[in-house]
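Data block for model_22.cif (mmCIF, C-alpha atoms and all ligand atoms):
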data_model
loop_
_atom_site.label_atom_id
_atom_site.label_comp_id
_atom_site.auth_asym_id
_atom_site.auth_seq_id
_atom_site.Cartn_x
_atom_site.Cartn_y
_atom_site.Cartn_z
CA MET A 8 13.35 8.33 31.41
CA SER A 9 11.81 11.65 32.37
CA ALA A 10 8.08 11.58 33.24
CA LYS A 11 5.90 11.59 30.15
CA GLU A 12 2.26 12.57 29.87
CA ALA A 13 0.02 10.26 27.89
CA ASP A 14 -3.60 9.95 26.82
CA LEU A 15 -3.14 6.39 25.54
CA LEU A 16 -1.21 3.61 27.25
CA LEU A 17 -1.18 -0.02 26.15
CA ARG A 18 0.83 -2.29 28.47
CA GLY A 19 1.43 -5.97 29.11
CA ALA A 20 2.07 -6.41 25.38
CA ARG A 21 4.31 -8.35 23.11
CA LEU A 22 5.33 -5.04 21.58
CA LEU A 23 6.73 -4.88 18.05
CA THR A 24 8.33 -1.44 17.89
CA LEU A 25 9.91 -1.80 14.42
CA ALA A 26 12.42 0.68 15.83
CA PRO A 27 15.39 1.27 13.52
CA SER A 28 18.81 0.30 14.86
CA GLY A 29 20.27 3.63 13.70
CA GLU A 30 19.16 6.29 11.29
CA GLU A 31 15.72 5.59 9.77
CA ARG A 32 16.02 4.06 6.30
CA PRO A 33 14.37 1.24 4.35
CA ARG A 34 15.25 -2.04 6.08
CA VAL A 35 17.54 -4.49 4.26
CA GLY A 36 19.86 -7.35 5.23
CA ALA A 37 19.53 -8.43 8.88
CA ALA A 38 17.19 -5.49 9.51
CA ALA A 39 14.75 -6.81 6.88
CA GLY A 40 13.34 -9.18 9.51
CA ASP A 41 13.95 -7.14 12.70
CA VAL A 42 10.60 -6.29 14.26
CA GLY A 43 12.13 -4.79 17.43
CA ALA A 44 10.17 -7.06 19.79
CA ILE A 45 9.85 -6.22 23.50
CA ASP A 46 8.12 -8.84 25.65
CA ASP A 47 6.02 -7.39 28.47
CA GLY A 48 6.30 -4.08 26.66
CA TRP A 49 4.24 -0.92 26.64
CA VAL A 50 3.61 2.05 24.39
CA ALA A 51 2.37 5.48 25.41
CA ALA A 52 0.97 8.21 23.15
CA ARG A 53 -0.17 11.79 23.57
CA GLU A 54 -2.19 13.86 21.11
CA GLY A 55 -1.78 11.31 18.36
CA GLN A 56 1.96 10.74 18.68
CA VAL A 57 4.02 8.04 20.34
CA VAL A 58 5.80 9.57 23.35
CA ALA A 59 7.53 6.51 24.83
CA THR A 60 7.86 2.73 24.84
CA GLY A 61 9.35 0.47 27.48
CA ARG A 62 9.41 -2.86 29.25
CA GLY A 63 7.82 -4.28 32.39
CA GLY A 64 6.64 -1.91 35.10
CA THR A 65 8.44 1.18 33.83
CA TRP A 66 5.10 2.38 32.42
CA GLU A 67 4.26 3.49 35.99
CA ARG A 68 6.42 6.54 35.40
CA VAL A 69 4.06 7.69 32.65
CA ARG A 70 1.56 10.29 33.91
CA LEU A 71 -1.88 9.66 32.44
CA VAL A 72 -3.86 12.80 31.69
CA ASP A 73 -7.58 13.04 32.55
CA GLY A 74 -9.71 10.84 30.30
CA ALA A 75 -6.76 8.77 29.10
CA THR A 76 -7.32 5.32 27.59
CA THR A 77 -5.26 2.62 29.24
CA GLU A 78 -5.33 -1.14 28.88
CA ASP A 79 -3.36 -4.16 29.96
CA VAL A 80 -3.58 -6.20 26.75
CA GLY A 81 -2.73 -9.50 28.45
CA GLY A 82 0.29 -10.47 26.37
CA ARG A 83 -1.33 -9.72 23.01
CA VAL A 84 0.80 -8.41 20.14
CA VAL A 85 0.80 -4.60 19.81
CA MET A 86 2.41 -3.35 16.59
CA PRO A 87 2.36 -0.46 14.11
CA GLY A 88 -0.74 -0.08 11.93
CA PHE A 89 -0.34 -1.50 8.44
CA VAL A 90 0.73 0.67 5.52
CA ASP A 91 -0.75 -0.41 2.17
CA PRO A 92 1.45 1.25 -0.49
CA HIS A 93 -0.41 0.13 -3.64
CA THR A 94 -4.18 0.12 -4.20
CA HIS A 95 -6.59 0.97 -7.00
CA LEU A 96 -9.54 1.77 -4.74
CA CYS A 97 -11.16 4.27 -7.12
CA TYR A 98 -13.51 2.26 -9.35
CA ALA A 99 -17.10 1.28 -9.88
CA GLY A 100 -18.62 -1.94 -11.19
CA GLN A 101 -17.59 -5.55 -10.71
CA ARG A 102 -15.70 -8.09 -12.75
CA TRP A 103 -16.98 -11.40 -11.41
CA ASP A 104 -18.67 -12.25 -14.71
CA GLU A 105 -15.26 -11.97 -16.34
CA PHE A 106 -13.68 -13.86 -13.42
CA GLU A 107 -16.06 -16.75 -13.99
CA ALA A 108 -15.52 -16.62 -17.77
CA ARG A 109 -11.76 -16.77 -17.33
CA ARG A 110 -12.03 -19.65 -14.87
CA SER A 111 -14.09 -21.47 -17.52
CA GLY A 112 -11.31 -21.04 -20.06
CA SER A 113 -12.06 -17.74 -21.85
CA ASP A 114 -9.02 -15.87 -23.07
CA TYR A 115 -8.40 -12.43 -21.53
CA LEU A 116 -7.63 -10.86 -24.91
CA ALA A 117 -10.94 -12.15 -26.29
CA ILE A 118 -12.69 -10.67 -23.24
CA LEU A 119 -10.93 -7.35 -23.91
CA GLU A 120 -12.10 -7.40 -27.54
CA ARG A 121 -15.68 -7.82 -26.36
CA GLY A 122 -15.25 -4.62 -24.31
CA GLY A 123 -14.61 -6.45 -21.05
CA GLY A 124 -11.54 -6.45 -18.86
CA ILE A 125 -10.22 -3.04 -17.86
CA HIS A 126 -12.60 -1.37 -20.35
CA ALA A 127 -15.60 -2.62 -18.35
CA THR A 128 -14.21 -0.96 -15.21
CA VAL A 129 -13.38 2.24 -17.10
CA ARG A 130 -16.95 2.41 -18.44
CA ALA A 131 -18.62 1.72 -15.06
CA THR A 132 -16.36 4.23 -13.29
CA ARG A 133 -16.99 6.92 -15.89
CA GLU A 134 -20.75 6.40 -15.51
CA ALA A 135 -20.61 6.64 -11.70
CA SER A 136 -21.39 10.04 -10.15
CA ASP A 137 -18.92 11.75 -7.82
CA ALA A 138 -21.13 10.87 -4.85
CA ARG A 139 -21.39 7.22 -5.91
CA LEU A 140 -17.62 6.86 -6.38
CA LEU A 141 -16.97 8.53 -3.04
CA ALA A 142 -19.41 6.17 -1.30
CA LEU A 143 -17.82 3.11 -2.93
CA MET A 144 -14.33 4.21 -1.90
CA ARG A 145 -15.45 5.08 1.61
CA ALA A 146 -16.81 1.55 2.11
CA ARG A 147 -13.58 0.00 0.76
CA LEU A 148 -11.48 2.24 3.00
CA ASP A 149 -13.60 1.31 6.05
CA ARG A 150 -12.97 -2.36 5.37
CA ALA A 151 -9.22 -1.74 4.99
CA VAL A 152 -9.12 0.14 8.31
CA ALA A 153 -11.07 -2.65 10.00
CA ALA A 154 -8.30 -5.01 8.84
CA GLY A 155 -5.62 -2.81 10.43
CA THR A 156 -4.60 -0.38 7.68
CA THR A 157 -3.77 3.09 9.00
CA THR A 158 -1.98 4.47 5.92
CA ILE A 159 -3.11 3.72 2.38
CA GLU A 160 -2.09 4.72 -1.10
CA ILE A 161 -4.96 5.17 -3.58
CA LYS A 162 -4.33 5.46 -7.32
CA SER A 163 -6.53 6.92 -9.97
CA GLY A 164 -6.18 5.07 -13.25
CA TYR A 165 -9.61 3.92 -14.43
CA GLY A 166 -10.36 7.26 -16.05
CA LEU A 167 -7.67 6.85 -18.72
CA GLU A 168 -8.60 10.21 -20.29
CA PRO A 169 -6.68 12.91 -18.37
CA GLU A 170 -9.81 15.00 -17.60
CA GLU A 171 -11.60 11.97 -16.17
CA GLU A 172 -8.46 11.10 -14.20
CA LEU A 173 -8.58 14.58 -12.66
CA ARG A 174 -12.20 13.95 -11.60
CA HIS A 175 -11.13 10.73 -9.87
CA LEU A 176 -8.22 12.46 -8.16
CA ARG A 177 -10.57 15.15 -6.83
CA ILE A 178 -12.87 12.47 -5.39
CA ILE A 179 -9.84 10.77 -3.81
CA ALA A 180 -8.94 14.19 -2.34
CA ALA A 181 -12.46 14.46 -0.86
CA LEU A 182 -12.03 11.03 0.72
CA ARG A 183 -8.61 12.01 2.00
CA SER A 184 -9.93 15.14 3.70
CA GLU A 185 -12.64 13.24 5.59
CA ALA A 186 -10.66 10.04 6.30
CA ILE A 187 -9.57 9.08 9.80
CA VAL A 188 -6.46 7.44 8.39
CA ASP A 189 -3.68 8.79 6.18
CA VAL A 190 -4.44 8.60 2.43
CA ALA A 191 -1.60 9.01 -0.12
CA PRO A 192 -3.03 9.81 -3.58
CA THR A 193 -1.25 8.79 -6.80
CA TYR A 194 -1.98 9.80 -10.39
CA LEU A 195 -1.70 6.62 -12.45
CA ALA A 196 -1.15 8.58 -15.63
CA ALA A 197 -0.37 5.66 -17.95
CA HIS A 198 -2.49 2.60 -17.13
CA ALA A 199 -3.90 1.61 -20.53
CA LEU A 200 -4.55 3.37 -23.79
CA PRO A 201 -8.10 4.74 -24.17
CA GLY A 202 -9.88 3.63 -27.35
CA ARG A 203 -10.09 7.23 -28.57
CA ALA A 204 -6.29 7.43 -28.77
CA ASN A 205 -6.37 5.12 -31.84
CA GLY A 206 -3.17 3.42 -30.77
CA ASP A 207 -1.17 6.64 -30.61
CA ARG A 208 0.63 6.11 -27.32
CA ARG A 209 2.93 9.11 -27.60
CA ALA A 210 0.08 11.55 -28.23
CA PHE A 211 -1.83 10.06 -25.30
CA LEU A 212 1.20 10.36 -22.98
CA ARG A 213 1.64 13.99 -24.02
CA SER A 214 -1.97 14.66 -23.01
CA ALA A 215 -1.35 12.98 -19.65
CA GLN A 216 1.80 15.05 -19.18
CA ALA A 217 -0.14 18.20 -20.00
CA VAL A 218 -2.33 17.89 -16.87
CA LEU A 219 0.61 17.31 -14.48
CA THR A 220 0.89 21.01 -13.68
CA ARG A 221 -2.74 21.03 -12.51
CA VAL A 222 -2.18 17.84 -10.52
CA ALA A 223 0.76 19.49 -8.75
CA GLU A 224 -0.87 22.91 -8.27
CA GLU A 225 -4.10 21.48 -6.86
CA HIS A 226 -2.14 18.96 -4.71
CA LEU A 227 -4.20 16.18 -6.26
CA ALA A 228 -1.42 13.59 -6.09
CA GLU A 229 1.86 13.01 -4.30
CA ALA A 230 3.18 10.67 -6.98
CA VAL A 231 2.84 9.80 -10.66
CA ASP A 232 2.71 6.14 -11.72
CA ALA A 233 2.94 4.33 -15.05
CA PHE A 234 2.32 0.73 -16.15
CA VAL A 235 5.41 -0.36 -18.03
CA GLU A 236 4.81 -3.71 -19.72
CA LYS A 237 5.09 -5.49 -23.06
CA GLY A 238 2.28 -4.22 -25.30
CA VAL A 239 1.24 -1.51 -22.81
CA PHE A 240 3.78 1.32 -22.36
CA GLU A 241 7.53 1.26 -22.93
CA THR A 242 10.06 2.77 -20.56
CA GLU A 243 11.34 5.39 -23.04
CA GLU A 244 7.78 6.43 -23.81
CA VAL A 245 6.95 7.25 -20.19
CA ALA A 246 10.36 8.76 -19.37
CA PRO A 247 9.29 12.34 -20.30
CA LEU A 248 6.22 11.99 -18.05
CA MET A 249 8.43 10.88 -15.16
CA HIS A 250 10.94 13.67 -15.72
CA GLU A 251 8.15 16.24 -15.81
CA ALA A 252 6.72 14.78 -12.58
CA ALA A 253 10.12 15.14 -10.92
CA ALA A 254 10.45 18.72 -12.14
CA LEU A 255 7.08 19.51 -10.53
CA GLY A 256 8.13 17.97 -7.21
CA LEU A 257 5.95 14.86 -7.60
CA ALA A 258 7.30 11.47 -6.52
CA ARG A 259 7.43 8.61 -9.03
CA ALA A 260 6.28 4.98 -8.89
CA VAL A 261 6.37 2.36 -11.63
CA HIS A 262 4.35 -0.80 -12.30
CA ALA A 263 7.47 -2.67 -13.38
CA ASP A 264 8.32 -6.12 -14.75
CA GLN A 265 5.04 -7.68 -13.64
CA LEU A 266 4.62 -10.20 -16.48
CA ASN A 267 7.78 -9.67 -18.53
CA ASP A 268 11.25 -8.28 -17.86
CA VAL A 269 11.07 -5.01 -19.77
CA GLY A 270 13.80 -3.29 -17.78
CA GLY A 271 11.16 -1.71 -15.54
CA ALA A 272 13.11 -2.07 -12.28
CA GLY A 273 16.20 -0.40 -13.75
CA PHE A 274 13.99 2.31 -15.21
CA ALA A 275 12.35 2.93 -11.81
CA ALA A 276 15.78 3.36 -10.23
CA ARG A 277 16.88 5.65 -13.08
CA VAL A 278 13.95 8.04 -12.63
CA GLU A 279 14.53 7.89 -8.85
CA ALA A 280 11.11 6.39 -8.24
CA ARG A 281 10.31 5.81 -4.60
CA SER A 282 9.06 2.33 -5.51
CA ALA A 283 9.09 -0.28 -8.25
CA ASP A 284 5.92 -2.33 -7.94
CA HIS A 285 5.14 -5.99 -8.82
CA VAL A 286 8.69 -6.78 -10.09
CA SER A 287 7.93 -10.51 -10.47
CA ARG A 288 10.17 -10.70 -13.54
CA ALA A 289 12.85 -8.17 -12.57
CA SER A 290 16.32 -9.20 -13.77
CA ALA A 291 19.43 -9.42 -11.59
CA ASP A 292 20.55 -6.13 -13.20
CA GLY A 293 17.21 -4.63 -12.22
CA LEU A 294 17.64 -5.78 -8.63
CA ARG A 295 21.14 -4.30 -8.48
CA ALA A 296 19.77 -0.99 -9.75
CA LEU A 297 17.08 -1.00 -7.07
CA GLU A 298 19.68 -1.78 -4.41
CA ARG A 299 21.95 1.07 -5.55
CA GLY A 300 19.05 3.50 -5.76
CA GLY A 301 17.52 2.48 -2.42
CA THR A 302 14.28 2.04 -4.40
CA VAL A 303 11.67 0.04 -2.53
CA ALA A 304 10.35 -3.09 -4.29
CA VAL A 305 6.63 -3.38 -3.59
CA LEU A 306 5.59 -7.03 -3.82
CA LEU A 307 1.93 -7.67 -4.70
CA PRO A 308 1.32 -11.42 -4.37
CA GLY A 309 -2.47 -11.02 -4.58
CA SER A 310 -2.43 -10.37 -8.31
CA ALA A 311 0.02 -13.23 -8.93
CA LEU A 312 -2.36 -15.56 -7.10
CA PHE A 313 -5.50 -14.22 -8.76
CA VAL A 314 -4.17 -14.04 -12.32
CA GLY A 315 -1.96 -17.09 -12.01
CA TYR A 316 1.47 -15.79 -12.99
CA PRO A 317 4.65 -16.63 -11.04
CA PRO A 318 4.90 -14.54 -7.84
CA PRO A 319 8.01 -12.47 -7.14
CA ASP A 320 10.70 -14.43 -5.30
CA GLY A 321 11.15 -12.42 -2.11
CA ARG A 322 14.37 -14.22 -1.23
CA ARG A 323 16.10 -12.75 -4.32
CA PHE A 324 15.23 -9.24 -3.16
CA VAL A 325 16.40 -9.87 0.39
CA ALA A 326 19.64 -11.44 -0.91
CA HIS A 327 20.25 -8.40 -3.14
CA ARG A 328 19.61 -6.05 -0.19
CA VAL A 329 16.66 -4.47 -1.99
CA PRO A 330 14.16 -3.02 0.51
CA VAL A 331 10.93 -5.01 0.25
CA ALA A 332 7.45 -3.67 0.91
CA LEU A 333 4.11 -5.37 0.54
CA GLY A 334 0.67 -4.28 -0.62
CA THR A 335 -2.78 -5.59 -1.49
CA ASP A 336 -2.94 -4.10 -5.02
CA HIS A 337 -6.70 -4.04 -4.36
CA ASN A 338 -8.41 -3.67 -7.76
CA PRO A 339 -11.42 -5.28 -9.45
CA GLY A 340 -9.57 -6.98 -12.30
CA THR A 341 -6.47 -8.69 -10.99
CA SER A 342 -6.38 -8.47 -7.19
CA PRO A 343 -9.69 -8.12 -5.38
CA LEU A 344 -8.10 -9.13 -2.08
CA GLU A 345 -8.79 -6.96 0.93
CA GLY A 346 -6.74 -6.49 4.05
CA VAL A 347 -3.00 -6.38 4.55
CA PRO A 348 -2.97 -9.49 6.81
CA THR A 349 -3.99 -11.56 3.76
CA ALA A 350 -1.14 -9.98 1.77
CA ILE A 351 1.26 -10.86 4.61
CA ALA A 352 0.14 -14.49 4.55
CA LEU A 353 0.53 -14.63 0.74
CA ALA A 354 3.98 -12.98 0.85
CA VAL A 355 5.16 -15.72 3.18
CA THR A 356 3.48 -18.66 1.45
CA MET A 357 4.04 -17.51 -2.15
CA CYS A 358 7.06 -15.17 -2.14
CA GLY A 359 9.17 -16.90 0.50
CA LEU A 360 9.49 -14.01 2.93
CA THR A 361 9.75 -14.96 6.60
CA PRO A 362 6.82 -13.83 8.78
CA HIS A 363 8.98 -11.10 10.32
CA GLU A 364 10.23 -9.89 6.91
CA ALA A 365 6.61 -9.69 5.76
CA ILE A 366 5.71 -7.62 8.84
CA VAL A 367 8.60 -5.20 8.19
CA ALA A 368 7.47 -5.05 4.54
CA ALA A 369 3.90 -4.18 5.55
CA THR A 370 4.87 -1.47 8.05
CA ALA A 371 8.27 0.29 8.11
CA ASN A 372 9.30 -0.42 4.52
CA ALA A 373 5.83 0.27 3.13
CA ALA A 374 5.95 3.64 4.89
CA HIS A 375 9.20 4.36 3.02
CA ALA A 376 7.55 3.35 -0.26
CA LEU A 377 5.11 6.24 0.39
CA GLY A 378 7.72 8.75 1.56
CA ARG A 379 6.48 8.40 5.16
CA GLY A 380 9.40 6.48 6.62
CA THR A 381 9.87 8.90 9.51
CA ARG A 382 6.16 9.51 10.20
CA THR A 383 4.63 6.04 10.66
CA GLY A 384 5.53 2.35 10.32
CA ALA A 385 7.23 2.09 13.73
CA LEU A 386 6.33 2.70 17.38
CA VAL A 387 9.05 5.15 18.35
CA GLU A 388 8.88 8.59 19.91
CA GLY A 389 7.58 11.26 17.57
CA ARG A 390 5.81 8.93 15.12
CA ARG A 391 2.07 8.89 14.60
CA ALA A 392 0.37 6.62 17.12
CA ASP A 393 -0.87 4.21 14.44
CA VAL A 394 -1.28 1.00 16.40
CA VAL A 395 -2.83 -2.43 15.94
CA VAL A 396 -3.61 -4.90 18.73
CA LEU A 397 -3.73 -8.52 17.57
CA GLU A 398 -5.77 -11.34 19.07
CA THR A 399 -2.63 -13.44 19.54
CA ASP A 400 0.59 -13.40 21.54
CA ASP A 401 2.67 -14.47 18.52
CA GLU A 402 2.76 -12.24 15.44
CA ARG A 403 3.79 -15.14 13.22
CA GLU A 404 0.16 -16.24 13.31
CA LEU A 405 -0.53 -13.38 10.89
CA ALA A 406 1.30 -15.32 8.20
CA TYR A 407 0.28 -18.77 9.36
CA ARG A 408 -3.47 -18.72 9.98
CA LEU A 409 -4.54 -17.81 6.47
CA GLY A 410 -7.92 -16.11 6.58
CA ALA A 411 -8.02 -15.77 10.38
CA ARG A 412 -9.24 -12.45 11.74
CA LEU A 413 -6.47 -11.51 14.14
CA VAL A 414 -6.82 -7.72 14.22
CA ARG A 415 -8.67 -6.81 17.42
CA THR A 416 -8.21 -3.04 17.87
CA VAL A 417 -6.94 -0.33 15.51
CA TYR A 418 -5.74 3.14 16.54
CA ALA A 419 -4.97 5.84 13.98
CA SER A 420 -3.12 8.88 15.32
CA GLY A 421 -4.05 7.68 18.82
CA GLN A 422 -7.80 7.45 18.07
CA ARG A 423 -9.53 4.09 18.28
CA VAL A 424 -10.96 3.54 14.78
CA ALA A 425 -11.89 -0.16 14.87
CA GLU A 426 -12.64 -2.72 17.55
CA HIS A 427 -13.65 -6.31 16.89
CA GLU A 428 -15.10 -9.06 18.96
CA THR A 429 -12.69 -11.90 18.30
CA VAL A 430 -12.45 -15.47 19.51
CA ARG A 431 -9.12 -16.28 21.00
ZN ZN A 501 -1.40 -1.75 -9.59
#
Now, as a test, write the supplied structure out as C-alpha cells.
Ligand SMILES: [Zn+2]
Amino acid sequence: MSAKEADLLLRGARLLTLAPSGEERPRVGAAAGDVGAIDDGWVAAREGQVVATGRGGTWERVRLVDGATTEDVGGRVVMPGFVDPHTHLCYAGQRWDEFEARRSGSDYLAILERGGGIHATVRATREASDARLLALMRARLDRAVAAGTTTIEIKSGYGLEPEEELRHLRIIAALRSEAIVDVAPTYLAAHALPGRANGDRRAFLRSAQAVLTRVAEEHLAEAVDAFVEKGVFETEEVAPLMHEAAALGLARAVHADQLNDVGGAGFAARVEARSADHVSRASADGLRALERGGTVAVLLPGSALFVGYPPPDGRRFVAHRVPVALGTDHNPGTSPLEGVPTAIALAVTMCGLTPHEAIVAATANAAHALGRGTRTGALVEGRRADVVVLETDDERELAYRLGARLVRTVYASGQRVAEHETVR
C-alpha cells in the first residue's frame, strides 16, 4: 500500500467493511450475509472519504495530517453508517389517541369515517407552518442520526393535494440543504385519495402527474412513489404516473403488496422501480420478477409489528436471490419506530433474516435502494466516510439486545455528528 494521508483514523476495531467481492451490486445469495469483517482492523478517511482500510499494525503507514482525529477503539465494532431507505418524516400531529382507540378494539375504518387515521395527519400537517414542519423534521432527523443513520430517504405524502405536496417537498429540500447527513427526497404522489377528489382516482392521479415536471425541474425529489393496495390505488392506474416519472429522469419506488397480493412486486419490476417496499404478501411470481429486475425489496417490519399484519418472510427473498434492504418506515400512523437498530432487531426476530443479512440490508443494500450503492453503505476507498462505532465487539448484539443503545459514535462524511456516553 502506498502511503495515504488521513484526517480520521479508527484502529483496533472489529471492522465491518461491507466490501463487495467484485463489482458493486445489490447483495444476494452468499453475499446477502457477507459483512466483510476484519478483526483488528482499521479505517482511514480524508476530507470526508474513505482512503484505506487494513488489518493489524499496517495503519502505521498512514500519514496523519495536522489536527487529525485518531482513536484506538479497543476492539469495538466499526461499520458503515445506516441507510434508512423508507421514511415518512414530513408530518405534524400525533396519532396516539387513535392508537389507544385501536388497542381498545375500535375499527380502523370507523376511525377513518370519523375523520381520524391518515386524514388526521393530513389535517395537522396542512395546518402546520413551513417553520413548524421544518422544526419537527429537524428533531426527527437528529434522533435518527443519533441512532446511527447517515443516509435517509424522506417522503412527502401527507399533503395529498399536489400543491400541498409541493410545499412539503420544498420544506424537505430546506432540511436537505442544512442537514449534516445525506437526505434523499421522494414524492409520494399517490398515498390516499383526498376527500375533494370525490372518489375519482384517475382525475386525482392526472393532477399528481401534472406537477411532476415542476418536481423534476426544481429538483424537489429523486423518486416518485405510489401506494398500490386493494381499495387504494391499482397498478394500471398509477402506471402512467410511473412512466411519466421515468421520462423525466425520476426514479420509481412502489408501496407494494403490503396487506394483499395485488401484483405490486411484479409491477415495481415492470416500471423498473429501484425498490418495492413492504412486500409482505408478494407472490412467488412477484419475487421472480424482482430477482430478474434486480429490484431491491425493502422490508419494513415496524409497520407489521405495529399494525399486526404478518411480516414479510425474509427467507423467501433470500432464497429467491432478491436483494433485501431494511427501513424504519417511520410514520405517525403505522410505524412510529425510530432508529435503524430497532428495525434490524425486528428484521431478525420477525422476518427471519440472520443478523449479518440484516446488517447488509441496512447498509449496502439500502444504499442501492436509494441509488447510492457506490457512494455509501460500505467502508471501501472512495466511499463517503459514513461510519458508526458500536459499544460492543460483536455486531450480532444489534439484533439480539432489543432496545439496547449500542451506537456510540457516528461520523457522516468524516465529521463526528453524534457521540454517546454508553455503558459497556
Ligand atoms: Zn411507507
Name the residues in contact with Arg281 in chain A at a cut-off of 7 Å, using all atoms listed in the file, excluding same-chain residues fewer than 5 positions from it; report them as a count of residues only. 6
What are the centre and edge lengths in Å, to one decimal, of the axis-aligned box around all listed atoms of range 110-116 of chain A with 4 Å added on each side, as AutoDock Vina command-line options?
--center_x -10.9 --center_y -16.2 --center_z -19.9 --size_x 14.5 --size_y 18.6 --size_z 18.0
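Between CA of Val329 in chain A and CA of Thr158 in chain A the separation is 22.1 Å.
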Protein and nucleic acid residues within 9 Å of ligand ZN 501 (chain A) (all atoms listed in the file) as a list in words: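 Residues lying within 9 Å of ligand ZN 501 (chain A): His93, Thr94, His95, Lys162, Leu195, His198, Phe234, His262, Asp284, His285, Leu307, Ser310, Asp336, His337, Asn338, Thr341 and Ser342 of chain A.
Nearest to Asp393 in chain A of all the residues A:Val414, A:Leu360, A:Val325, A:Val90 is A:Val90, based on all atoms listed in the file.
You will find CA of Leu266 in chain A at 8.1 Å from CA of Lys237 in chain A.
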Against range 77-89 of chain A, which residues of range 342-418 of chain A fall within 9 Å? For each one I want the closest pair of atoms and the distance in Å (one decimal), counting all atoms listed in the file, rows by chain and increasing residue number, as JSON lines.
{"residue": "A:Val347", "atom": "CA", "partner": "A:Phe89", "partner_atom": "CA", "distance": 6.8}
{"residue": "A:Pro348", "atom": "CA", "partner": "A:Phe89", "partner_atom": "CA", "distance": 8.6}
{"residue": "A:Ile366", "atom": "CA", "partner": "A:Phe89", "partner_atom": "CA", "distance": 8.6}
{"residue": "A:Ala369", "atom": "CA", "partner": "A:Phe89", "partner_atom": "CA", "distance": 5.8}
{"residue": "A:Thr370", "atom": "CA", "partner": "A:Phe89", "partner_atom": "CA", "distance": 5.2}
{"residue": "A:Ala371", "atom": "CA", "partner": "A:Pro87", "partner_atom": "CA", "distance": 8.5}
{"residue": "A:Ala373", "atom": "CA", "partner": "A:Phe89", "partner_atom": "CA", "distance": 8.3}
{"residue": "A:Ala374", "atom": "CA", "partner": "A:Phe89", "partner_atom": "CA", "distance": 8.9}
{"residue": "A:Thr383", "atom": "CA", "partner": "A:Pro87", "partner_atom": "CA", "distance": 7.7}
{"residue": "A:Gly384", "atom": "CA", "partner": "A:Pro87", "partner_atom": "CA", "distance": 5.7}
{"residue": "A:Ala385", "atom": "CA", "partner": "A:Pro87", "partner_atom": "CA", "distance": 5.5}
{"residue": "A:Leu386", "atom": "CA", "partner": "A:Pro87", "partner_atom": "CA", "distance": 6.0}
{"residue": "A:Ala392", "atom": "CA", "partner": "A:Pro87", "partner_atom": "CA", "distance": 7.9}
{"residue": "A:Asp393", "atom": "CA", "partner": "A:Gly88", "partner_atom": "CA", "distance": 5.0}
{"residue": "A:Val394", "atom": "CA", "partner": "A:Pro87", "partner_atom": "CA", "distance": 4.5}
{"residue": "A:Val395", "atom": "CA", "partner": "A:Gly88", "partner_atom": "CA", "distance": 5.1}
{"residue": "A:Val396", "atom": "CA", "partner": "A:Val85", "partner_atom": "CA", "distance": 4.6}
{"residue": "A:Leu397", "atom": "CA", "partner": "A:Val84", "partner_atom": "CA", "distance": 5.2}
{"residue": "A:Glu398", "atom": "CA", "partner": "A:Arg83", "partner_atom": "CA", "distance": 6.2}
{"residue": "A:Thr399", "atom": "CA", "partner": "A:Arg83", "partner_atom": "CA", "distance": 5.3}
{"residue": "A:Asp400", "atom": "CA", "partner": "A:Arg83", "partner_atom": "CA", "distance": 4.4}
{"residue": "A:Asp401", "atom": "CA", "partner": "A:Val84", "partner_atom": "CA", "distance": 6.5}
{"residue": "A:Glu402", "atom": "CA", "partner": "A:Val84", "partner_atom": "CA", "distance": 6.4}
{"residue": "A:Val417", "atom": "CA", "partner": "A:Gly88", "partner_atom": "CA", "distance": 7.2}
{"residue": "A:Tyr418", "atom": "CA", "partner": "A:Gly88", "partner_atom": "CA", "distance": 7.5}
Polymer residues at most 6 Å from Ile351 in chain A, all atoms listed in the file, same-chain spacing of 2 or more positions, as a list in words: Pro348, Thr349, Leu353, Ala354, Ala365 and Ala406 of chain A
Output the selection as a PDB file, in the frame of the given file - C-alpha atoms for each residue.
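Output below, filename out-v2.pdb:
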ATOM      1  CA  PRO A 348      -2.970  -9.490   6.810  1.00  0.00           C
ATOM      2  CA  THR A 349      -3.990 -11.560   3.760  1.00  0.00           C
ATOM      3  CA  LEU A 353       0.530 -14.630   0.740  1.00  0.00           C
ATOM      4  CA  ALA A 354       3.980 -12.980   0.850  1.00  0.00           C
ATOM      5  CA  ALA A 365       6.610  -9.690   5.760  1.00  0.00           C
ATOM      6  CA  ALA A 406       1.300 -15.320   8.200  1.00  0.00           C
TER       7      ALA A 406
END
Can you tell me, as a list in words, what residues are no more than 9 Å from Glu244 in chain A when counting all atoms listed in the file, ignoring any on the same chain fewer than 5 positions away?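 In the requested format, the answer is Arg208, Arg209 and Leu212 of chain A.
Separating CA of Ala253 in chain A from CA of His375 in chain A is a distance of 17.6 Å.
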Pick from A:Ala204, A:Leu140, A:Ala291, A:Ala254 nearest to Val278 in chain A, counting all atoms listed in the file: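 Smallest distance to Val278 in chain A is found for A:Ala254.
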With only C-alpha atoms counted, which protein, DNA or RNA residues have an atom no more than 10 Å from (-12.8, 9.8, 0.7) in the file frame? Please answer as a ChimeraX atom specification. /A:97,140-148,177-187,190
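Across A:Gly346, A:Gly61, A:Gly202, A:Gly36, the tightest approach to Val387 in chain A is made by A:Gly61 when counting all atoms listed in the file.
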Can you pull out the residues contacting Glu105 in chain A? Cut-off 9 Å, using all atoms listed in the file, and skip same-chain residues under 5 positions away; I want them as a list in words.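 Near neighbours after the sequence-gap exclusion: Arg110, Ser113, Tyr115, Ile118, Gly123, Gly124 and Gly340 of chain A.
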Quick one: write out the picked residues with C-alpha atoms as a short mmCIF file (atom, residue, chain, number, x, y, z; two decimals), in the frame of the given file?
data_model
loop_
_atom_site.label_atom_id
_atom_site.label_comp_id
_atom_site.auth_asym_id
_atom_site.auth_seq_id
_atom_site.Cartn_x
_atom_site.Cartn_y
_atom_site.Cartn_z
CA ARG A 110 -12.03 -19.65 -14.87
CA SER A 113 -12.06 -17.74 -21.85
CA TYR A 115 -8.40 -12.43 -21.53
CA ILE A 118 -12.69 -10.67 -23.24
CA GLY A 123 -14.61 -6.45 -21.05
CA GLY A 124 -11.54 -6.45 -18.86
CA GLY A 340 -9.57 -6.98 -12.30
#
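Among the candidate residues A:His427, A:Ala263, A:Ala199, A:Glu54, the one lying nearest to Leu119 in chain A is A:Ala199, with distances computed using all atoms listed in the file.
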